[in-house]
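Undergrad: Take a look at input-v4.txt, compact mmCIF, C-alpha atoms:
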```txt
# COMPACT_ATOMS: atom_id res chain seq x y z
CA MET H 1 110.25 117.65 84.18
CA ASN H 2 113.76 117.68 82.70
CA GLN H 3 113.89 114.69 80.37
CA SER H 4 117.50 114.05 81.34
CA LEU H 5 116.16 112.91 84.72
CA MET H 6 114.12 110.13 83.14
CA PRO H 7 115.74 106.68 82.73
CA GLU H 8 116.39 105.31 79.28
CA LEU H 9 113.65 102.88 78.28
CA PRO H 10 113.83 99.74 76.11
CA ARG H 11 112.60 99.79 72.55
CA PHE H 12 109.05 98.52 72.11
CA THR H 13 107.28 96.68 69.32
CA ILE H 14 103.57 96.36 68.72
CA GLY H 15 102.03 92.96 69.50
CA ASN H 16 98.48 91.66 69.20
CA ALA H 17 95.84 92.97 71.58
CA ALA H 18 92.54 94.82 71.67
CA PRO H 19 91.75 97.07 68.65
CA GLY H 20 92.76 100.67 69.27
CA PHE H 21 95.05 99.75 72.17
CA PRO H 22 97.72 97.33 70.97
CA GLU H 23 100.08 95.43 73.20
CA LEU H 24 103.44 97.08 73.77
CA ARG H 25 106.35 94.63 73.88
CA ALA H 26 109.79 94.73 75.47
CA GLY H 27 111.46 91.37 74.89
CA ASN H 28 109.43 88.62 76.51
CA LEU H 29 107.27 91.13 78.41
CA GLY H 30 104.19 92.90 77.17
CA VAL H 31 101.66 95.38 78.54
CA ARG H 32 98.05 95.49 77.39
CA LEU H 33 94.48 95.68 78.64
CA ALA H 34 92.60 92.68 79.96
CA THR H 35 89.94 91.66 77.44
CA THR H 36 88.35 88.58 79.04
CA ALA H 37 86.82 87.58 82.36
CA ALA H 38 89.62 85.04 82.78
CA GLU H 39 92.26 87.76 82.48
CA LEU H 40 90.46 89.91 85.05
CA ASP H 41 90.33 86.88 87.33
CA ALA H 42 94.09 86.42 86.89
CA ALA H 43 94.65 90.06 87.87
CA GLN H 44 92.47 89.67 90.96
CA SER H 45 94.32 86.49 91.89
CA LEU H 46 97.66 88.28 91.61
CA ARG H 47 96.33 91.15 93.71
CA TYR H 48 95.25 88.69 96.41
CA ARG H 49 98.66 87.01 96.50
CA VAL H 50 100.46 90.34 96.82
CA PHE H 51 98.10 92.34 99.05
CA TYR H 52 96.83 89.58 101.34
CA ALA H 53 99.24 86.64 101.30
CA GLU H 54 102.40 88.75 101.11
CA MET H 55 101.66 92.22 102.51
CA GLY H 56 99.33 91.24 105.34
CA ALA H 57 95.97 92.70 104.28
CA LYS H 58 93.04 91.36 106.30
CA ALA H 59 90.67 89.20 104.25
CA ASP H 60 86.95 88.94 104.99
CA PRO H 61 85.42 85.45 104.67
CA ALA H 62 84.37 85.97 101.03
CA THR H 63 87.81 87.20 100.01
CA GLN H 64 89.49 84.36 101.91
CA ALA H 65 87.28 81.80 100.21
CA SER H 66 87.78 83.18 96.70
CA GLN H 67 91.51 83.94 97.07
CA ARG H 68 90.79 87.02 94.96
CA ASP H 69 91.09 90.73 95.68
CA HIS H 70 87.98 92.29 94.17
CA ASP H 71 85.48 95.07 94.76
CA GLU H 72 82.63 96.82 92.99
CA PHE H 73 84.99 99.15 91.10
CA ASP H 74 86.53 96.29 89.11
CA ALA H 75 83.43 96.11 86.92
CA ILE H 76 83.75 99.73 85.73
CA ALA H 77 87.54 99.75 85.31
CA ASP H 78 89.99 98.86 82.61
CA HIS H 79 92.73 96.55 83.86
CA LEU H 80 96.25 96.99 82.54
CA LEU H 81 98.24 93.76 82.52
CA VAL H 82 101.94 92.99 82.35
CA VAL H 83 102.38 89.58 80.77
CA ASP H 84 105.46 87.39 80.46
CA HIS H 85 105.19 85.48 77.20
CA ASP H 86 107.85 83.06 78.37
CA LEU H 87 105.26 81.72 80.83
CA GLY H 88 102.73 80.98 78.07
CA GLU H 89 99.96 82.80 76.29
CA GLY H 90 97.17 82.19 78.81
CA THR H 91 96.29 83.70 82.16
CA GLU H 92 99.38 82.11 83.71
CA SER H 93 101.41 84.84 82.00
CA VAL H 94 99.90 87.73 84.06
CA VAL H 95 102.65 89.07 86.32
CA GLY H 96 101.55 92.67 86.90
CA THR H 97 98.40 94.77 86.92
CA TYR H 98 97.10 98.33 87.32
CA ARG H 99 93.45 99.40 87.60
CA LEU H 100 92.34 102.38 85.51
CA ILE H 101 88.97 104.12 86.06
CA ARG H 102 88.03 106.81 83.54
CA GLN H 103 86.00 109.83 84.59
CA GLU H 104 82.92 108.89 82.59
CA MET H 105 82.77 105.45 84.19
CA ALA H 106 83.15 106.82 87.72
CA GLU H 107 80.46 109.42 87.08
CA LYS H 108 78.03 106.78 85.86
CA PHE H 109 78.85 104.65 88.89
CA GLY H 110 78.42 107.61 91.21
CA ARG H 111 81.85 107.91 92.82
CA TYR H 112 85.56 107.24 92.62
CA TYR H 113 87.38 104.74 94.83
CA SER H 114 89.51 107.53 96.32
CA GLU H 115 86.44 109.23 97.78
CA SER H 116 86.37 106.69 100.63
CA GLU H 117 89.58 108.34 101.90
CA TYR H 118 89.84 111.83 100.37
CA ASP H 119 87.81 114.90 99.53
CA ILE H 120 88.59 115.11 95.82
CA GLY H 121 86.35 118.12 95.14
CA PRO H 122 89.23 120.15 93.65
CA LEU H 123 89.95 117.31 91.21
CA LYS H 124 86.30 117.02 90.22
CA ARG H 125 86.28 120.73 89.42
CA PHE H 126 89.34 120.38 87.20
CA ALA H 127 88.17 121.04 83.65
CA GLY H 128 90.10 118.30 81.83
CA ARG H 129 89.47 114.57 81.48
CA LYS H 130 90.43 112.54 84.53
CA LEU H 131 91.70 109.02 85.23
CA GLU H 132 91.88 107.29 88.61
CA LEU H 133 94.79 104.87 89.10
CA GLY H 134 94.92 102.12 91.69
CA ARG H 135 95.41 98.48 92.71
CA SER H 136 98.90 98.33 91.24
CA CYS H 137 101.05 95.29 91.96
CA THR H 138 103.56 92.93 90.40
CA ALA H 139 104.69 89.41 91.24
CA PRO H 140 107.87 89.36 93.39
CA ALA H 141 110.18 88.23 90.58
CA TYR H 142 109.05 91.17 88.42
CA ARG H 143 109.69 94.09 90.78
CA SER H 144 112.30 95.69 88.61
CA ARG H 145 112.88 99.07 87.06
CA ALA H 146 112.19 97.63 83.62
CA VAL H 147 108.75 96.30 84.60
CA LEU H 148 107.77 99.57 86.28
CA GLN H 149 108.84 101.44 83.15
CA LEU H 150 106.74 99.06 81.08
CA LEU H 151 103.68 99.75 83.24
CA TRP H 152 104.21 103.48 82.80
CA ARG H 153 104.52 103.01 79.04
CA GLY H 154 101.14 101.29 79.11
CA ILE H 155 99.58 104.05 81.19
CA ALA H 156 101.03 106.71 78.89
CA ALA H 157 99.58 104.90 75.87
CA TYR H 158 96.18 104.72 77.60
CA VAL H 159 96.36 108.42 78.48
CA PHE H 160 97.26 109.23 74.87
CA HIS H 161 94.44 107.05 73.52
CA HIS H 162 91.74 108.52 75.77
CA GLY H 163 92.92 112.13 75.91
CA ILE H 164 93.43 112.17 79.68
CA ASP H 165 94.52 115.48 81.24
CA LEU H 166 94.88 114.53 84.91
CA MET H 167 95.59 111.27 86.75
CA PHE H 168 95.11 110.66 90.45
CA GLY H 169 94.70 107.91 93.00
CA CYS H 170 95.76 106.53 96.35
CA ALA H 171 99.30 105.20 96.71
CA SER H 172 100.45 103.18 99.70
CA LEU H 173 103.35 103.04 102.11
CA HIS H 174 103.60 99.70 103.90
CA GLY H 175 102.56 99.69 107.54
CA THR H 176 100.05 101.58 109.67
CA ASP H 177 102.32 103.45 112.10
CA PRO H 178 102.78 107.04 110.87
CA ALA H 179 105.60 107.56 113.36
CA ALA H 180 107.62 104.85 111.63
CA LEU H 181 107.06 106.67 108.33
CA ALA H 182 107.72 110.16 109.70
CA GLU H 183 110.62 111.01 107.38
CA GLU H 184 108.89 109.77 104.22
CA LEU H 185 105.59 111.53 105.01
CA THR H 186 107.28 114.77 106.05
CA TYR H 187 109.42 114.75 102.91
CA LEU H 188 106.36 114.32 100.68
CA ALA H 189 104.41 117.09 102.43
CA ALA H 190 107.37 119.49 102.44
CA HIS H 191 108.58 118.95 98.87
CA HIS H 192 105.71 117.61 96.76
CA MET H 193 102.44 119.12 98.02
CA ALA H 194 99.91 119.64 95.21
CA PRO H 195 98.85 123.16 94.24
CA GLU H 196 95.69 124.13 96.10
CA ALA H 197 93.58 124.08 92.93
CA ILE H 198 94.17 120.32 92.51
CA ARG H 199 94.89 119.28 96.10
CA PRO H 200 92.87 116.40 97.60
CA ARG H 201 92.49 116.44 101.38
CA ALA H 202 92.05 113.44 103.64
CA LEU H 203 88.52 113.17 105.03
CA PRO H 204 88.15 114.76 108.48
CA GLY H 205 87.55 111.47 110.25
CA ARG H 206 90.58 109.84 108.63
CA TYR H 207 93.07 112.70 108.39
CA VAL H 208 96.62 111.91 109.56
CA GLU H 209 99.12 114.78 109.65
CA MET H 210 102.00 114.18 107.22
CA ARG H 211 104.41 116.80 108.62
CA ARG H 212 105.61 114.73 111.54
CA MET H 213 109.01 116.36 112.06
CA ASP H 214 110.91 119.51 111.25
CA PRO H 215 111.55 119.42 107.48
CA ALA H 216 114.91 121.10 108.11
CA ALA H 217 116.02 117.98 109.96
CA LEU H 218 115.35 115.76 106.95
CA ASN H 219 117.85 114.16 104.64
CA PRO H 220 115.68 114.57 101.52
CA LYS H 221 117.70 112.15 99.40
CA ALA H 222 117.51 109.41 102.04
CA ALA H 223 113.77 109.97 102.56
CA LEU H 224 113.17 109.80 98.81
CA MET H 225 115.12 106.55 98.54
CA ARG H 226 112.92 104.92 101.19
CA LEU H 227 109.71 105.61 99.29
CA PRO H 228 108.08 102.72 97.41
CA PRO H 229 109.14 102.50 93.74
CA LEU H 230 105.61 103.33 92.57
CA VAL H 231 105.52 106.57 94.58
CA LYS H 232 108.96 107.53 93.29
CA GLY H 233 107.65 106.85 89.79
CA TYR H 234 104.82 109.33 90.30
CA LEU H 235 107.26 111.96 91.55
CA ARG H 236 109.56 111.46 88.56
CA LEU H 237 106.59 112.25 86.34
CA GLY H 238 106.05 115.56 88.12
CA GLY H 239 103.44 114.20 90.50
CA PHE H 240 102.15 115.82 93.68
CA VAL H 241 100.63 114.54 96.91
CA GLY H 242 97.46 115.58 98.69
CA ASP H 243 97.03 117.00 102.18
CA GLY H 244 96.99 114.33 104.85
CA ALA H 245 97.63 110.59 104.96
CA VAL H 246 95.03 107.91 105.67
CA ILE H 247 95.49 104.67 107.61
CA ASP H 248 94.03 101.67 105.78
CA ALA H 249 93.93 99.00 108.45
CA GLN H 250 92.45 96.40 106.08
CA PHE H 251 95.37 96.62 103.68
CA ASN H 252 98.03 97.27 106.34
CA THR H 253 99.08 100.52 104.64
CA THR H 254 99.37 104.26 105.12
CA ASP H 255 97.85 105.87 102.04
CA ILE H 256 98.63 109.14 100.34
CA ALA H 257 96.77 110.86 97.52
CA VAL H 258 98.80 111.35 94.33
CA VAL H 259 97.99 113.72 91.46
CA VAL H 260 99.75 113.91 88.07
CA GLN H 261 98.87 116.40 85.34
CA THR H 262 99.64 114.64 82.10
CA ASP H 263 101.14 117.74 80.50
CA LEU H 264 103.93 117.30 83.06
CA VAL H 265 104.60 113.73 81.96
CA THR H 266 107.70 113.60 79.81
CA GLU H 267 106.91 113.84 76.11
CA LYS H 268 109.22 110.90 75.50
CA TYR H 269 106.34 108.54 76.28
CA TYR H 270 103.94 110.29 73.92
CA ARG H 271 106.35 110.65 71.01
CA HIS H 272 107.22 106.98 71.19
CA TYR H 273 103.62 105.79 71.40
CA GLU H 274 102.53 108.11 68.60
CA ARG H 275 105.18 106.62 66.31
CA GLU H 276 104.10 103.08 67.17
CA ALA H 277 100.40 103.89 66.75
CA ARG H 278 101.06 105.11 63.23
```
Can I see the file as structure tokens?

TA:
Amino acid sequence: MNQSLMPELPRFTIGNAAPGFPELRAGNLGVRLATTAAELDAAQSLRYRVFYAEMGAKADPATQASQRDHDEFDAIADHLLVVDHDLGEGTESVVGTYRLIRQEMAEKFGRYYSESEYDIGPLKRFAGRKLELGRSCTAPAYRSRAVLQLLWRGIAAYVFHHGIDLMFGCASLHGTDPAALAEELTYLAAHHMAPEAIRPRALPGRYVEMRRMDPAALNPKAALMRLPPLVKGYLRLGGFVGDGAVIDAQFNTTDIAVVVQTDLVTEKYYRHYEREAR
């Protein structure tokens, strides 16, 4: 992607965090991996507040009782955290999170999270190292361009550290009525469909057609603007979408599969992280 299309990012300094993956700082904000059970709990608590209390996901009795969003994949994942040091140095500082599942961990576990919605056979056959992204959210006061950029800096550093070649995952559009999302879904299918060799496809029993109107009738710029910031972030990094959407009634979302080859990610991220790592 043309680097001139990427926004200018704040200068970062290295803070204190886990060996081999230091915290990246931008003013009072930092991004790093969770290293304790308490930090994971803080991430799950934030996810509950955003997904269930705010966005209308349906909680089962155990989730309602714990006030935590959690599943079996949390135990095999790394959890990227955005922390606001102005709020303190404990778990109260966690204001954003992203779940990262490396290929080797998913293979040991037996599956990826995305496989409950998509046939990811083409991705499994991809020769490079893979990373599944998911469960991204930030507290309401931190839904800014700067925080999203900080999350992407953290992901780029993680990709650099682990030698990841391809990232993928499920991204969500709010609501479960595809007709209400017709322009957004049609735009994605018409303009950002993944090459066949790396194209996930919604499972037959869950497949929802994304081309819901004549693409010629679209206002592409308006459709792009209506997409969630996270999805737009994937597209800015050269990302693609899979074939078919999936309705997730539990989370009150319409999901799409997203694929990003890391050699398409702007080298600005890598050059910066490499300098800091040295």

Undergrad: Name the residues in contact with H:His85 at a cut-off of 9 Å, using only C-alpha atoms, excluding same-chain residues fewer than 6 positions from it; report them as JSON, numbers by chain.

TA: {"H": [27, 28, 29, 30, 93, 94]}

Undergrad: Which residue, H:Ala194, H:Pro204, H:Arg236, H:Asp41, has the smallest gap to H:Pro122 when you use all atoms listed in the file?

TA: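 Among H:Ala194, H:Pro204, H:Arg236, H:Asp41, it is H:Ala194 that comes nearest to H:Pro122.
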
Undergrad: Taking only residues of stretch 108-156 of chain H that have an atom at most 10 Å from an atom of stretch 49-73 of chain H, what is each one's shortest atom pair and its distance in Å to one decimal, using all atoms listed in the file, in chain and number order, as a tab-separated table?

TA:
```
residue	atom	partner	partner_atom	distance
H:Phe109	CA	H:Phe73	CA	8.5
H:Arg111	CA	H:Phe73	CA	9.5
H:Tyr112	CA	H:Phe73	CA	8.3
H:Tyr113	CA	H:Phe73	CA	7.1
H:Arg135	CA	H:Phe51	CA	9.2
H:Ser136	CA	H:Val50	CA	9.9
H:Cys137	CA	H:Val50	CA	7.0
H:Thr138	CA	H:Val50	CA	7.6
H:Ala139	CA	H:Val50	CA	7.1
H:Pro140	CA	H:Val50	CA	8.2
```

Undergrad: For the selection just defined, write its residues with C-alpha atoms to a file, as a PDB file, keeping the file's coordinate frame.

TA:
```pdb
ATOM      1  CA  PHE H 109      78.850 104.650  88.890  1.00  0.00           C
ATOM      2  CA  ARG H 111      81.850 107.910  92.820  1.00  0.00           C
ATOM      3  CA  TYR H 112      85.560 107.240  92.620  1.00  0.00           C
ATOM      4  CA  TYR H 113      87.380 104.740  94.830  1.00  0.00           C
ATOM      5  CA  ARG H 135      95.410  98.480  92.710  1.00  0.00           C
ATOM      6  CA  SER H 136      98.900  98.330  91.240  1.00  0.00           C
ATOM      7  CA  CYS H 137     101.050  95.290  91.960  1.00  0.00           C
ATOM      8  CA  THR H 138     103.560  92.930  90.400  1.00  0.00           C
ATOM      9  CA  ALA H 139     104.690  89.410  91.240  1.00  0.00           C
ATOM     10  CA  PRO H 140     107.870  89.360  93.390  1.00  0.00           C
TER      11      PRO H 140
END
```

Undergrad: Rounded to one decimal in Å, what is the spacing between atom CA of H:Asp84 and atom CA of H:Tyr158?

TA: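 Atom CA of H:Tyr158 lies 19.9 Å from atom CA of H:Asp84.
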
Undergrad: Separation of atom CA of H:Asp86 and atom CA of H:Glu39, in Å?

TA: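 Atom CA of H:Glu39 lies 16.8 Å from atom CA of H:Asp86.
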
Undergrad: Around stretch 260-263 of chain H, fit a box with edges along x, y and z, padding it by 6 Å on each side, then list its centre and edge lengths in Å to one decimal as lines of an AutoDock Vina configuration file.

TA:
```
center_x = 100.0
center_y = 115.8
center_z = 84.3
size_x = 14.3
size_y = 15.8
size_z = 19.6
```

Undergrad: Do you have the atom CA of H:Met105-atom CA of H:Ile76 distance handy?

TA: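 Taking atom CA of H:Met105 and atom CA of H:Ile76, their separation equals 6.0 Å.
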
Undergrad: Under the rule that all atoms listed in the file are counted, which of H:Val260, H:Ala38, H:Ala179, H:Leu203 is the nearest residue to H:Gly121?

TA: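 Under the stated criterion, the closest residue is H:Leu203.
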
Undergrad: Restricting the calculation to all atoms listed in the file, which member of H:Val208, H:Pro200, H:Tyr187, H:Ala146 is positioned closest to H:Met225?

TA: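 Of H:Val208, H:Pro200, H:Tyr187, H:Ala146, the one nearest H:Met225, counting all atoms listed in the file, is H:Tyr187.
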
Undergrad: Could you pull the residues within 8 Å of stretch 162-166 of chain H, counting all atoms listed in the file, minus those fewer than 6 positions along the same chain, as a ChimeraX atom specification?

TA: /H:128-131,259-263

Undergrad: Could you tell me which of H:Gly110, H:Gly96, H:Gly244, H:Gly175 comes closest to H:Ala190 if we count all atoms listed in the file?

TA: H:Gly244

Undergrad: Taking into account all atoms listed in the file, which residue in the set H:Thr254, H:Gln149, H:Ser114, H:Ser45 is nearest to H:Leu237?

TA: H:Gln149

Undergrad: Counting only C-alpha atoms, which residue out of H:Phe168, H:Arg99, H:Leu150, H:Gly239 sits closest to H:Glu23?

TA: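 So, comparing all the options, the nearest one is H:Leu150.
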
Undergrad: Excluding same-chain residues fewer than 4 positions from H:Asp177, what lies within 10 Å of it counting only C-alpha atoms, as a PyMOL selection string?

TA: chain H and resi 181-182+247+252-254

Undergrad: Could those selected residues go to a file with C-alpha atoms, as a JSON list (two decimals), in the frame of the given file?

TA:
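Output (selection-v7.json):
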```json
[["chain", "number", "residue", "atom", "x", "y", "z"],
["H", 181, "LEU", "CA", 107.06, 106.67, 108.33],
["H", 182, "ALA", "CA", 107.72, 110.16, 109.70],
["H", 247, "ILE", "CA", 95.49, 104.67, 107.61],
["H", 252, "ASN", "CA", 98.03, 97.27, 106.34],
["H", 253, "THR", "CA", 99.08, 100.52, 104.64],
["H", 254, "THR", "CA", 99.37, 104.26, 105.12]]
```

Undergrad: Just add N, CA and C atoms to stretch 38-73 of chain H and send it as a PDB file, in the frame of the given file.

TA:
```
ATOM      1  N   ALA H  38      88.535  85.855  82.244  1.00  0.00           N
ATOM      2  CA  ALA H  38      89.620  85.040  82.780  1.00  0.00           C
ATOM      3  C   ALA H  38      90.850  85.897  83.073  1.00  0.00           C
ATOM      4  N   GLU H  39      91.122  86.885  82.237  1.00  0.00           N
ATOM      5  CA  GLU H  39      92.260  87.760  82.480  1.00  0.00           C
ATOM      6  C   GLU H  39      92.014  88.662  83.692  1.00  0.00           C
ATOM      7  N   LEU H  40      90.794  89.147  83.855  1.00  0.00           N
ATOM      8  CA  LEU H  40      90.460  89.910  85.050  1.00  0.00           C
ATOM      9  C   LEU H  40      90.629  89.041  86.292  1.00  0.00           C
ATOM     10  N   ASP H  41      90.181  87.799  86.208  1.00  0.00           N
ATOM     11  CA  ASP H  41      90.330  86.880  87.330  1.00  0.00           C
ATOM     12  C   ASP H  41      91.804  86.673  87.670  1.00  0.00           C
ATOM     13  N   ALA H  42      92.653  86.581  86.655  1.00  0.00           N
ATOM     14  CA  ALA H  42      94.090  86.420  86.890  1.00  0.00           C
ATOM     15  C   ALA H  42      94.667  87.641  87.591  1.00  0.00           C
ATOM     16  N   ALA H  43      94.193  88.835  87.208  1.00  0.00           N
ATOM     17  CA  ALA H  43      94.650  90.060  87.870  1.00  0.00           C
ATOM     18  C   ALA H  43      94.205  90.087  89.326  1.00  0.00           C
ATOM     19  N   GLN H  44      92.977  89.696  89.582  1.00  0.00           N
ATOM     20  CA  GLN H  44      92.470  89.670  90.960  1.00  0.00           C
ATOM     21  C   GLN H  44      93.193  88.628  91.803  1.00  0.00           C
ATOM     22  N   SER H  45      93.550  87.516  91.192  1.00  0.00           N
ATOM     23  CA  SER H  45      94.320  86.490  91.890  1.00  0.00           C
ATOM     24  C   SER H  45      95.707  87.008  92.261  1.00  0.00           C
ATOM     25  N   LEU H  46      96.355  87.697  91.332  1.00  0.00           N
ATOM     26  CA  LEU H  46      97.660  88.280  91.610  1.00  0.00           C
ATOM     27  C   LEU H  46      97.547  89.319  92.725  1.00  0.00           C
ATOM     28  N   ARG H  47      96.531  90.156  92.658  1.00  0.00           N
ATOM     29  CA  ARG H  47      96.330  91.150  93.710  1.00  0.00           C
ATOM     30  C   ARG H  47      96.160  90.493  95.071  1.00  0.00           C
ATOM     31  N   TYR H  48      95.424  89.396  95.135  1.00  0.00           N
ATOM     32  CA  TYR H  48      95.250  88.690  96.410  1.00  0.00           C
ATOM     33  C   TYR H  48      96.595  88.185  96.925  1.00  0.00           C
ATOM     34  N   ARG H  49      97.377  87.572  96.068  1.00  0.00           N
ATOM     35  CA  ARG H  49      98.660  87.010  96.500  1.00  0.00           C
ATOM     36  C   ARG H  49      99.582  88.098  97.031  1.00  0.00           C
ATOM     37  N   VAL H  50      99.574  89.271  96.383  1.00  0.00           N
ATOM     38  CA  VAL H  50     100.460  90.340  96.820  1.00  0.00           C
ATOM     39  C   VAL H  50      99.899  91.052  98.049  1.00  0.00           C
ATOM     40  N   PHE H  51      98.647  91.508  97.982  1.00  0.00           N
ATOM     41  CA  PHE H  51      98.100  92.340  99.050  1.00  0.00           C
ATOM     42  C   PHE H  51      97.807  91.546 100.323  1.00  0.00           C
ATOM     43  N   TYR H  52      97.268  90.348 100.180  1.00  0.00           N
ATOM     44  CA  TYR H  52      96.830  89.580 101.340  1.00  0.00           C
ATOM     45  C   TYR H  52      97.893  88.579 101.802  1.00  0.00           C
ATOM     46  N   ALA H  53      98.310  87.697 100.896  1.00  0.00           N
ATOM     47  CA  ALA H  53      99.240  86.640 101.300  1.00  0.00           C
ATOM     48  C   ALA H  53     100.619  87.187 101.637  1.00  0.00           C
ATOM     49  N   GLU H  54     101.046  88.230 100.911  1.00  0.00           N
ATOM     50  CA  GLU H  54     102.400  88.750 101.110  1.00  0.00           C
ATOM     51  C   GLU H  54     102.445  89.968 102.029  1.00  0.00           C
ATOM     52  N   MET H  55     101.557  90.936 101.812  1.00  0.00           N
ATOM     53  CA  MET H  55     101.660  92.220 102.510  1.00  0.00           C
ATOM     54  C   MET H  55     100.807  92.309 103.774  1.00  0.00           C
ATOM     55  N   GLY H  56     100.024  91.279 104.058  1.00  0.00           N
ATOM     56  CA  GLY H  56      99.330  91.240 105.340  1.00  0.00           C
ATOM     57  C   GLY H  56      97.985  91.919 105.396  1.00  0.00           C
ATOM     58  N   ALA H  57      97.335  92.160 104.254  1.00  0.00           N
ATOM     59  CA  ALA H  57      95.970  92.700 104.280  1.00  0.00           C
ATOM     60  C   ALA H  57      95.039  91.694 104.955  1.00  0.00           C
ATOM     61  N   LYS H  58      93.973  92.203 105.556  1.00  0.00           N
ATOM     62  CA  LYS H  58      93.040  91.360 106.300  1.00  0.00           C
ATOM     63  C   LYS H  58      91.863  90.977 105.405  1.00  0.00           C
ATOM     64  N   ALA H  59      91.707  89.698 105.163  1.00  0.00           N
ATOM     65  CA  ALA H  59      90.670  89.200 104.250  1.00  0.00           C
ATOM     66  C   ALA H  59      89.384  88.911 105.006  1.00  0.00           C
ATOM     67  N   ASP H  60      88.242  89.358 104.447  1.00  0.00           N
ATOM     68  CA  ASP H  60      86.950  88.940 104.990  1.00  0.00           C
ATOM     69  C   ASP H  60      86.681  87.512 104.509  1.00  0.00           C
ATOM     70  N   PRO H  61      85.647  86.859 105.043  1.00  0.00           N
ATOM     71  CA  PRO H  61      85.420  85.450 104.670  1.00  0.00           C
ATOM     72  C   PRO H  61      85.265  85.230 103.164  1.00  0.00           C
ATOM     73  N   ALA H  62      84.571  86.139 102.477  1.00  0.00           N
ATOM     74  CA  ALA H  62      84.370  85.970 101.030  1.00  0.00           C
ATOM     75  C   ALA H  62      85.685  86.072 100.272  1.00  0.00           C
ATOM     76  N   THR H  63      86.513  87.034 100.662  1.00  0.00           N
ATOM     77  CA  THR H  63      87.810  87.200 100.010  1.00  0.00           C
ATOM     78  C   THR H  63      88.708  86.005 100.295  1.00  0.00           C
ATOM     79  N   GLN H  64      88.691  85.530 101.538  1.00  0.00           N
ATOM     80  CA  GLN H  64      89.490  84.360 101.910  1.00  0.00           C
ATOM     81  C   GLN H  64      89.079  83.143 101.111  1.00  0.00           C
ATOM     82  N   ALA H  65      87.781  82.971 100.931  1.00  0.00           N
ATOM     83  CA  ALA H  65      87.280  81.800 100.210  1.00  0.00           C
ATOM     84  C   ALA H  65      87.631  81.855  98.727  1.00  0.00           C
ATOM     85  N   SER H  66      87.553  83.049  98.142  1.00  0.00           N
ATOM     86  CA  SER H  66      87.780  83.180  96.700  1.00  0.00           C
ATOM     87  C   SER H  66      89.255  83.283  96.349  1.00  0.00           C
ATOM     88  N   GLN H  67      90.090  83.693  97.333  1.00  0.00           N
ATOM     89  CA  GLN H  67      91.510  83.940  97.070  1.00  0.00           C
ATOM     90  C   GLN H  67      91.672  84.974  95.949  1.00  0.00           C
ATOM     91  N   ARG H  68      90.772  85.942  95.956  1.00  0.00           N
ATOM     92  CA  ARG H  68      90.790  87.020  94.960  1.00  0.00           C
ATOM     93  C   ARG H  68      90.602  88.354  95.674  1.00  0.00           C
ATOM     94  N   ASP H  69      91.345  89.370  95.238  1.00  0.00           N
ATOM     95  CA  ASP H  69      91.090  90.730  95.680  1.00  0.00           C
ATOM     96  C   ASP H  69      90.148  91.371  94.671  1.00  0.00           C
ATOM     97  N   HIS H  70      88.949  91.712  95.109  1.00  0.00           N
ATOM     98  CA  HIS H  70      87.980  92.290  94.170  1.00  0.00           C
ATOM     99  C   HIS H  70      87.052  93.227  94.922  1.00  0.00           C
ATOM    100  N   ASP H  71      86.509  94.197  94.214  1.00  0.00           N
ATOM    101  CA  ASP H  71      85.480  95.070  94.760  1.00  0.00           C
ATOM    102  C   ASP H  71      84.594  95.549  93.628  1.00  0.00           C
ATOM    103  N   GLU H  72      83.631  96.402  93.972  1.00  0.00           N
ATOM    104  CA  GLU H  72      82.630  96.820  92.990  1.00  0.00           C
ATOM    105  C   GLU H  72      83.220  97.683  91.885  1.00  0.00           C
ATOM    106  N   PHE H  73      84.393  98.279  92.107  1.00  0.00           N
ATOM    107  CA  PHE H  73      84.990  99.150  91.100  1.00  0.00           C
ATOM    108  C   PHE H  73      85.622  98.355  89.954  1.00  0.00           C
TER     109      PHE H  73
END
```
